[in-house]
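Participant: Have a peek at entry_5.pdb (PDB, C-alpha atoms).
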ATOM      1  CA  MET A  14     -70.732 -67.672  62.533  1.00  0.00           C
ATOM      2  CA  GLY A  15     -73.670 -70.023  62.921  1.00  0.00           C
ATOM      3  CA  LYS A  16     -72.070 -72.281  65.519  1.00  0.00           C
ATOM      4  CA  ALA A  17     -73.782 -74.141  68.337  1.00  0.00           C
ATOM      5  CA  ILE A  18     -72.516 -72.544  71.543  1.00  0.00           C
ATOM      6  CA  ILE A  19     -71.704 -73.882  74.995  1.00  0.00           C
ATOM      7  CA  ALA A  20     -70.634 -71.122  77.377  1.00  0.00           C
ATOM      8  CA  SER A  21     -70.186 -70.593  81.103  1.00  0.00           C
ATOM      9  CA  ASP A  22     -72.597 -68.315  82.931  1.00  0.00           C
ATOM     10  CA  VAL A  23     -70.250 -65.408  83.664  1.00  0.00           C
ATOM     11  CA  ASP A  24     -70.395 -61.657  83.143  1.00  0.00           C
ATOM     12  CA  GLY A  25     -73.044 -60.815  80.517  1.00  0.00           C
ATOM     13  CA  THR A  26     -73.105 -64.177  78.773  1.00  0.00           C
ATOM     14  CA  GLY A  27     -76.600 -64.988  80.049  1.00  0.00           C
ATOM     15  CA  GLU A  28     -77.935 -61.801  78.457  1.00  0.00           C
ATOM     16  CA  VAL A  29     -77.127 -63.143  74.986  1.00  0.00           C
ATOM     17  CA  LEU A  30     -77.143 -66.904  75.428  1.00  0.00           C
ATOM     18  CA  LYS A  31     -80.431 -68.353  76.659  1.00  0.00           C
ATOM     19  CA  ASN A  32     -79.964 -71.897  77.908  1.00  0.00           C
ATOM     20  CA  GLY A  33     -81.734 -74.379  75.670  1.00  0.00           C
ATOM     21  CA  GLU A  34     -82.915 -71.689  73.250  1.00  0.00           C
ATOM     22  CA  ASN A  35     -79.802 -70.573  71.381  1.00  0.00           C
ATOM     23  CA  GLY A  36     -77.084 -72.542  73.162  1.00  0.00           C
ATOM     24  CA  LEU A  37     -76.179 -74.269  76.390  1.00  0.00           C
ATOM     25  CA  LEU A  38     -75.226 -72.221  79.425  1.00  0.00           C
ATOM     26  CA  ILE A  39     -73.244 -74.052  82.090  1.00  0.00           C
ATOM     27  CA  GLN A  40     -72.555 -73.090  85.683  1.00  0.00           C
ATOM     28  CA  THR A  41     -68.979 -72.388  86.749  1.00  0.00           C
ATOM     29  CA  GLY A  42     -69.138 -74.175  90.108  1.00  0.00           C
ATOM     30  CA  GLN A  43     -68.885 -77.639  88.570  1.00  0.00           C
ATOM     31  CA  LEU A  44     -67.241 -76.637  85.315  1.00  0.00           C
ATOM     32  CA  VAL A  45     -65.711 -79.947  84.191  1.00  0.00           C
ATOM     33  CA  PRO A  46     -68.778 -82.147  84.822  1.00  0.00           C
ATOM     34  CA  SER A  47     -71.119 -79.458  83.447  1.00  0.00           C
ATOM     35  CA  LEU A  48     -69.046 -78.968  80.310  1.00  0.00           C
ATOM     36  CA  THR A  49     -68.702 -82.716  79.793  1.00  0.00           C
ATOM     37  CA  GLU A  50     -72.456 -83.202  80.096  1.00  0.00           C
ATOM     38  CA  ALA A  51     -73.164 -80.312  77.716  1.00  0.00           C
ATOM     39  CA  LEU A  52     -70.676 -81.563  75.114  1.00  0.00           C
ATOM     40  CA  VAL A  53     -72.141 -85.078  75.179  1.00  0.00           C
ATOM     41  CA  LYS A  54     -75.710 -83.744  75.046  1.00  0.00           C
ATOM     42  CA  LEU A  55     -74.980 -81.458  72.096  1.00  0.00           C
ATOM     43  CA  GLY A  56     -72.796 -84.017  70.327  1.00  0.00           C
ATOM     44  CA  GLN A  57     -75.570 -86.616  70.384  1.00  0.00           C
ATOM     45  CA  ASP A  58     -78.390 -84.378  69.205  1.00  0.00           C
ATOM     46  CA  ARG A  59     -78.060 -83.121  65.618  1.00  0.00           C
ATOM     47  CA  GLY A  60     -81.439 -81.387  65.844  1.00  0.00           C
ATOM     48  CA  MET A  61     -80.272 -79.382  68.851  1.00  0.00           C
ATOM     49  CA  GLN A  62     -77.065 -78.464  67.028  1.00  0.00           C
ATOM     50  CA  LYS A  63     -79.025 -77.178  64.025  1.00  0.00           C
ATOM     51  CA  LYS A  64     -81.474 -75.272  66.237  1.00  0.00           C
ATOM     52  CA  PHE A  65     -78.647 -73.560  68.133  1.00  0.00           C
ATOM     53  CA  GLN A  66     -76.775 -72.766  64.910  1.00  0.00           C
ATOM     54  CA  ASP A  67     -79.845 -71.122  63.374  1.00  0.00           C
ATOM     55  CA  ARG A  68     -80.752 -69.238  66.527  1.00  0.00           C
ATOM     56  CA  ALA A  69     -77.183 -68.024  67.032  1.00  0.00           C
ATOM     57  CA  ILE A  70     -77.344 -66.268  63.681  1.00  0.00           C
ATOM     58  CA  GLU A  71     -80.795 -64.842  64.493  1.00  0.00           C
ATOM     59  CA  THR A  72     -79.675 -63.612  67.920  1.00  0.00           C
ATOM     60  CA  ILE A  73     -76.550 -61.843  66.735  1.00  0.00           C
ATOM     61  CA  SER A  74     -77.941 -60.412  63.512  1.00  0.00           C
ATOM     62  CA  GLY A  75     -81.083 -59.229  65.294  1.00  0.00           C
ATOM     63  CA  ARG A  76     -79.483 -57.689  68.372  1.00  0.00           C
ATOM     64  CA  PHE A  77     -75.959 -56.781  67.364  1.00  0.00           C
ATOM     65  CA  ASN A  78     -76.028 -55.684  63.756  1.00  0.00           C
ATOM     66  CA  VAL A  79     -74.159 -52.503  62.822  1.00  0.00           C
ATOM     67  CA  THR A  80     -77.250 -50.536  61.808  1.00  0.00           C
ATOM     68  CA  ARG A  81     -79.146 -51.222  65.001  1.00  0.00           C
ATOM     69  CA  MET A  82     -76.170 -50.505  67.248  1.00  0.00           C
ATOM     70  CA  ALA A  83     -75.414 -47.243  65.407  1.00  0.00           C
ATOM     71  CA  ARG A  84     -79.048 -46.152  65.859  1.00  0.00           C
ATOM     72  CA  GLU A  85     -78.957 -46.990  69.564  1.00  0.00           C
ATOM     73  CA  ILE A  86     -75.786 -44.927  70.016  1.00  0.00           C
ATOM     74  CA  GLU A  87     -77.356 -42.101  68.000  1.00  0.00           C
ATOM     75  CA  ASP A  88     -80.420 -42.208  70.280  1.00  0.00           C
ATOM     76  CA  ILE A  89     -78.201 -41.885  73.347  1.00  0.00           C
ATOM     77  CA  TYR A  90     -76.400 -38.869  71.872  1.00  0.00           C
ATOM     78  CA  ASN A  91     -79.717 -37.257  70.921  1.00  0.00           C
ATOM     79  CA  LYS A  92     -81.088 -37.738  74.448  1.00  0.00           C
ATOM     80  CA  VAL A  93     -77.977 -36.162  75.926  1.00  0.00           C
ATOM     81  CA  LEU A  94     -78.098 -33.221  73.511  1.00  0.00           C
ATOM     82  CA  ASN A  95     -81.820 -32.631  73.928  1.00  0.00           C
ATOM     83  CA  ASN A  96     -82.078 -33.163  77.663  1.00  0.00           C
ATOM     84  CA  GLY A  97     -78.701 -31.904  78.808  1.00  0.00           C
ATOM     85  CA  ILE A  98     -78.126 -35.102  80.763  1.00  0.00           C
TER      86      ILE A  98
END
Do you think you could lay out the structure here as structure tokens?
Facilitator:
Amino acid sequence: MGKAIIASDVDGTGEVLKNGENGLLIQTGQLVPSLTEALVKLGQDRGMQKKFQDRAIETISGRFNVTRMAREIEDIYNKVLNNGI
């Protein structure tokens, strides 16, 4: 979607969102102050917004496109069939 992302560091979020690279990752312990700080920081920096928007598209299209995911699933099936795992 090409949106600048602010997300909390839960579950697998940190595997996709790299703080300061393709979004802002906040800690859950101090959620309200952390979110407030991140919103102000992102809202005041148009360059950061653009960078995160561009990198969000790159991250998702590079790692989670249909072709790549289908090939990865195919590789798993082939390993199981060939190795009897």
Participant: So how many Å separate CA of Lys31 in chain A and CA of Gln43 in chain A, to one decimal?
Facilitator: 19.0 Å
Participant: What does the distance between CA of Gly25 in chain A and CA of Gly42 in chain A come to in Å, to one decimal place?
Facilitator: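 Going from CA of Gly25 in chain A over to CA of Gly42 in chain A covers 16.9 Å.
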Participant: Please provide as an mmCIF file with C-alpha atoms, keeping the file's coordinate frame all residues within 9 Å of Ile70 in chain A, with the sequence filter that same-chain residues fewer than 6 positions apart are discarded (counting all atoms listed in the file).
Facilitator:
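Result file is result-v5.cif:
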data_model
loop_
_atom_site.group_PDB
_atom_site.id
_atom_site.type_symbol
_atom_site.label_atom_id
_atom_site.label_comp_id
_atom_site.auth_asym_id
_atom_site.auth_seq_id
_atom_site.Cartn_x
_atom_site.Cartn_y
_atom_site.Cartn_z
ATOM 1 C CA MET A 14 -70.732 -67.672 62.533
ATOM 2 C CA GLY A 15 -73.670 -70.023 62.921
ATOM 3 C CA LYS A 16 -72.070 -72.281 65.519
#
Participant: Which of these, A:Lys54, A:Ser21, A:Gly60, A:Val29, has the shortest distance to Thr41 in chain A once you count all atoms listed in the file?
Facilitator: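 That would be A:Ser21, the residue with the smallest distance to Thr41 in chain A.
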Participant: Neighbours of Asp67 in chain A within 12 Å (only C-alpha atoms; same-chain residues fewer than 4 positions away dropped), as a list in words?
Facilitator: Met14, Gly15, Lys16, Ala17, Ile18, Glu34, Asn35, Gly36, Gly60, Met61, Gln62, Lys63, Glu71, Thr72, Ile73 and Ser74 of chain A
Participant: Taking into account all atoms listed in the file, which residue in the set A:Thr49, A:Gly56, A:Leu44, A:Ala69 is nearest to Asn32 in chain A?
Facilitator: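 Answer, going by the shortest atom-to-atom distance: A:Ala69.
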Participant: Give the answer as one residue: which of A:Ile86, A:Ile19, A:Val45, A:Ala51 has the shortest atom-to-atom distance to Phe65 in chain A, using all atoms listed in the file?
Facilitator: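 Closest to Phe65 in chain A, using all atoms listed in the file: A:Ile19.
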Participant: With all atoms listed in the file as the atoms that count, which of A:Leu52, A:Arg59, A:Arg76, A:Lys64 lies nearest to Glu28 in chain A?
Facilitator: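 Counting all atoms listed in the file, the residue closest to Glu28 in chain A is A:Arg76.
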Participant: Could you state the separation of CA of Gln40 in chain A and CA of Val23 in chain A in Å, given to one decimal place?
Facilitator: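 Separation of CA of Gln40 in chain A and CA of Val23 in chain A: 8.3 Å.
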Participant: Assuming 8 Å of padding per side, give the centre and edge lengths of the axis-aligned box around every listed atom of range 77-83 of chain A, in Å to one decimal and as lines of an AutoDock Vina configuration file.
Facilitator:
center_x = -76.7
center_y = -52.0
center_z = 64.6
size_x = 21.0
size_y = 25.5
size_z = 21.6
Participant: Generate the missing atoms of range 70-81 of chain A up to all heavy atoms and report them as an mmCIF file, keeping the file's coordinate frame.
Facilitator:
data_model
loop_
_atom_site.group_PDB
_atom_site.id
_atom_site.type_symbol
_atom_site.label_atom_id
_atom_site.label_comp_id
_atom_site.auth_asym_id
_atom_site.auth_seq_id
_atom_site.Cartn_x
_atom_site.Cartn_y
_atom_site.Cartn_z
ATOM 1 N N ILE A 70 -77.346 -67.269 64.745
ATOM 2 C CA ILE A 70 -77.344 -66.268 63.681
ATOM 3 C C ILE A 70 -78.461 -65.258 63.908
ATOM 4 O O ILE A 70 -78.246 -64.050 63.807
ATOM 5 C CB ILE A 70 -77.488 -66.950 62.301
ATOM 6 C CG1 ILE A 70 -76.227 -67.750 61.983
ATOM 7 C CG2 ILE A 70 -77.748 -65.915 61.203
ATOM 8 C CD1 ILE A 70 -76.350 -68.641 60.779
ATOM 9 N N GLU A 71 -79.662 -65.740 64.241
ATOM 10 C CA GLU A 71 -80.795 -64.842 64.493
ATOM 11 C C GLU A 71 -80.504 -63.888 65.654
ATOM 12 O O GLU A 71 -80.789 -62.693 65.565
ATOM 13 C CB GLU A 71 -82.052 -65.658 64.824
ATOM 14 C CG GLU A 71 -82.622 -66.436 63.672
ATOM 15 C CD GLU A 71 -83.729 -67.391 64.118
ATOM 16 O OE1 GLU A 71 -84.199 -67.308 65.277
ATOM 17 O OE2 GLU A 71 -84.118 -68.241 63.301
ATOM 18 N N THR A 72 -79.958 -64.426 66.728
ATOM 19 C CA THR A 72 -79.675 -63.612 67.920
ATOM 20 C C THR A 72 -78.696 -62.491 67.606
ATOM 21 O O THR A 72 -78.951 -61.326 67.912
ATOM 22 C CB THR A 72 -79.108 -64.486 69.051
ATOM 23 O OG1 THR A 72 -80.081 -65.466 69.414
ATOM 24 C CG2 THR A 72 -78.762 -63.647 70.272
ATOM 25 N N ILE A 73 -77.590 -62.842 66.990
ATOM 26 C CA ILE A 73 -76.550 -61.843 66.735
ATOM 27 C C ILE A 73 -76.970 -60.853 65.662
ATOM 28 O O ILE A 73 -76.812 -59.648 65.819
ATOM 29 C CB ILE A 73 -75.220 -62.525 66.374
ATOM 30 C CG1 ILE A 73 -74.730 -63.392 67.534
ATOM 31 C CG2 ILE A 73 -74.171 -61.498 65.972
ATOM 32 C CD1 ILE A 73 -74.590 -62.655 68.864
ATOM 33 N N SER A 74 -77.551 -61.340 64.574
ATOM 34 C CA SER A 74 -77.941 -60.412 63.512
ATOM 35 C C SER A 74 -79.097 -59.521 63.953
ATOM 36 O O SER A 74 -79.195 -58.375 63.528
ATOM 37 C CB SER A 74 -78.299 -61.163 62.230
ATOM 38 O OG SER A 74 -79.420 -61.993 62.425
ATOM 39 N N GLY A 75 -79.951 -60.021 64.823
ATOM 40 C CA GLY A 75 -81.083 -59.229 65.294
ATOM 41 C C GLY A 75 -80.710 -58.205 66.354
ATOM 42 O O GLY A 75 -81.207 -57.085 66.359
ATOM 43 N N ARG A 76 -79.814 -58.572 67.244
ATOM 44 C CA ARG A 76 -79.483 -57.689 68.372
ATOM 45 C C ARG A 76 -78.210 -56.888 68.186
ATOM 46 O O ARG A 76 -78.051 -55.830 68.781
ATOM 47 C CB ARG A 76 -79.338 -58.511 69.655
ATOM 48 C CG ARG A 76 -80.650 -59.036 70.171
ATOM 49 C CD ARG A 76 -80.505 -59.770 71.462
ATOM 50 N NE ARG A 76 -79.995 -58.902 72.516
ATOM 51 C CZ ARG A 76 -79.626 -59.340 73.708
ATOM 52 N NH1 ARG A 76 -79.692 -60.602 73.994
ATOM 53 N NH2 ARG A 76 -79.181 -58.502 74.621
ATOM 54 N N PHE A 77 -77.285 -57.394 67.401
ATOM 55 C CA PHE A 77 -75.959 -56.781 67.364
ATOM 56 C C PHE A 77 -75.500 -56.392 65.968
ATOM 57 O O PHE A 77 -74.316 -56.346 65.695
ATOM 58 C CB PHE A 77 -74.939 -57.730 68.001
ATOM 59 C CG PHE A 77 -75.251 -58.039 69.433
ATOM 60 C CD1 PHE A 77 -75.820 -59.246 69.777
ATOM 61 C CD2 PHE A 77 -75.010 -57.110 70.423
ATOM 62 C CE1 PHE A 77 -76.132 -59.541 71.096
ATOM 63 C CE2 PHE A 77 -75.320 -57.388 71.748
ATOM 64 C CZ PHE A 77 -75.880 -58.605 72.075
ATOM 65 N N ASN A 78 -76.453 -56.100 65.088
ATOM 66 C CA ASN A 78 -76.028 -55.684 63.756
ATOM 67 C C ASN A 78 -75.581 -54.222 63.796
ATOM 68 O O ASN A 78 -75.963 -53.453 64.669
ATOM 69 C CB ASN A 78 -77.113 -55.938 62.704
ATOM 70 C CG ASN A 78 -78.323 -55.063 62.877
ATOM 71 O OD1 ASN A 78 -78.218 -53.845 62.834
ATOM 72 N ND2 ASN A 78 -79.482 -55.683 63.058
ATOM 73 N N VAL A 79 -74.770 -53.830 62.840
ATOM 74 C CA VAL A 79 -74.159 -52.503 62.822
ATOM 75 C C VAL A 79 -75.213 -51.404 62.773
ATOM 76 O O VAL A 79 -75.118 -50.412 63.502
ATOM 77 C CB VAL A 79 -73.184 -52.380 61.625
ATOM 78 C CG1 VAL A 79 -72.683 -50.968 61.475
ATOM 79 C CG2 VAL A 79 -72.033 -53.345 61.792
ATOM 80 N N THR A 80 -76.220 -51.563 61.951
ATOM 81 C CA THR A 80 -77.250 -50.536 61.808
ATOM 82 C C THR A 80 -77.984 -50.307 63.119
ATOM 83 O O THR A 80 -78.154 -49.161 63.556
ATOM 84 C CB THR A 80 -78.250 -50.932 60.701
ATOM 85 O OG1 THR A 80 -77.532 -51.135 59.487
ATOM 86 C CG2 THR A 80 -79.301 -49.862 60.501
ATOM 87 N N ARG A 81 -78.410 -51.360 63.742
ATOM 88 C CA ARG A 81 -79.146 -51.222 65.001
ATOM 89 C C ARG A 81 -78.276 -50.589 66.086
ATOM 90 O O ARG A 81 -78.712 -49.693 66.806
ATOM 91 C CB ARG A 81 -79.658 -52.581 65.470
ATOM 92 C CG ARG A 81 -80.418 -52.473 66.772
ATOM 93 C CD ARG A 81 -80.982 -53.776 67.230
ATOM 94 N NE ARG A 81 -81.583 -53.597 68.539
ATOM 95 C CZ ARG A 81 -82.257 -54.515 69.148
ATOM 96 N NH1 ARG A 81 -82.444 -55.686 68.592
ATOM 97 N NH2 ARG A 81 -82.771 -54.290 70.344
#
